[in-house]
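Chemist: The structure that follows is given in the form of structure tokens.
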Amino acid sequence: MDPVDRDTCTAEPSAREPHRLWWRPGDGHGRGILFRSGHVHTWPEAEGEHRHMAELRPEPAAMFFLIRPDGGVRIPRRHAELAAELTEALSAADGRLRPFNPHSASDN
């Protein structure tokens with residue numbers, strides 16, 4: 001998957017489509033997609049697969065992710081080098097998400 005496009009992410013929020021944040025704490029596990037533009041789409045896990053939701057936007061996904069019931073989002077190993085950028089984008093989109101990179105200290 002592609003990295004997040006910083007130029008698009010820093011555009012005025014009013015110039016972008018609002019995030020689709022359908023997962024809420026208390027919904028149990030969730031799923032989400034961070035798109036290259038910085039757009040975030042979340043939903044309860046039972047409502048669909050990543051590939052189906054990815055088809056709702058005409059742009060490529062930067063990262064698919066799973067959401068724990070407490071809002072934790074594990075940054076996958078293949079995206080570990082972009083963890084700071086991904087954490088910033090997810091946290092800015094939805095403050096209830098708590099991204100973490102389990103590979104940051106253990107792989108050095």
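Within each chain, counting starts at residue 1; across the structure tokens, chains are named A, B, ... in the order shown, with ligands numbered 1 upward in that order.
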Skip Arg68 of chain A itself and residues of its chain fewer than 3 positions away, then list as a list in words all residues within 12 Å of it, counting only C-alpha atoms.
Modeler: Trp23, Arg24, Pro25, Gly26, Asp27, Gly28, His29, Gly30, Arg31, Gly32, Thr42, Trp43, Pro44, Glu45, Phe65, Gly71, Gly72, Val73, Arg74, Arg96, Leu97, Arg98, Pro99 and Phe100 of chain A
Chemist: Excluding segment 49-63 of chain A and its own-chain neighbours fewer than 6 positions away, which residues fall within 12 Å of it when counting only C-alpha atoms? Please give them as a VMD selection string.
Modeler: chain A and resid 1 to 6 17 19 to 20 22 30 to 43 73 to 80 82 to 83 85 to 87 89 to 90
Chemist: So which residues of chain A fall under alpha helix (DSSP H) by DSSP, listed as a list in words?
Modeler: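 Answer for chain A restricted to alpha helix (DSSP H) is Arg6, Asp7, Thr8, Cys9, His50, Arg51, His52, Met53, Ala54, Ala83, Ala84, Glu85, Leu86, Thr87, Glu88, Ala89, Leu90, Ser91, Ala92 and Ala93 of chain A.
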Chemist: If DSSP is run on the backbone, what residues of chain A are strand (DSSP E or B)? A reply as a list of chain:residue names would be ideal.
Modeler: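 Of chain A, the ones in strand (DSSP E or B) are A:Arg20, A:Leu21, A:Gly30, A:Arg31, A:Gly32, A:Ile33, A:Leu34, A:Phe35, A:Val40, A:His41, A:Thr42, A:Trp43, A:Pro44, A:Ala61, A:Ala62, A:Met63, A:Phe64, A:Phe65, A:Leu66, A:Ile67, A:Gly72, A:Val73, A:Arg74, A:Arg98, A:Pro99, A:Phe100.
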Chemist: Separation of atom CA of Ala93 of chain A and atom CA of Ala46 of chain A, in Å?
Modeler: 21.7 Å
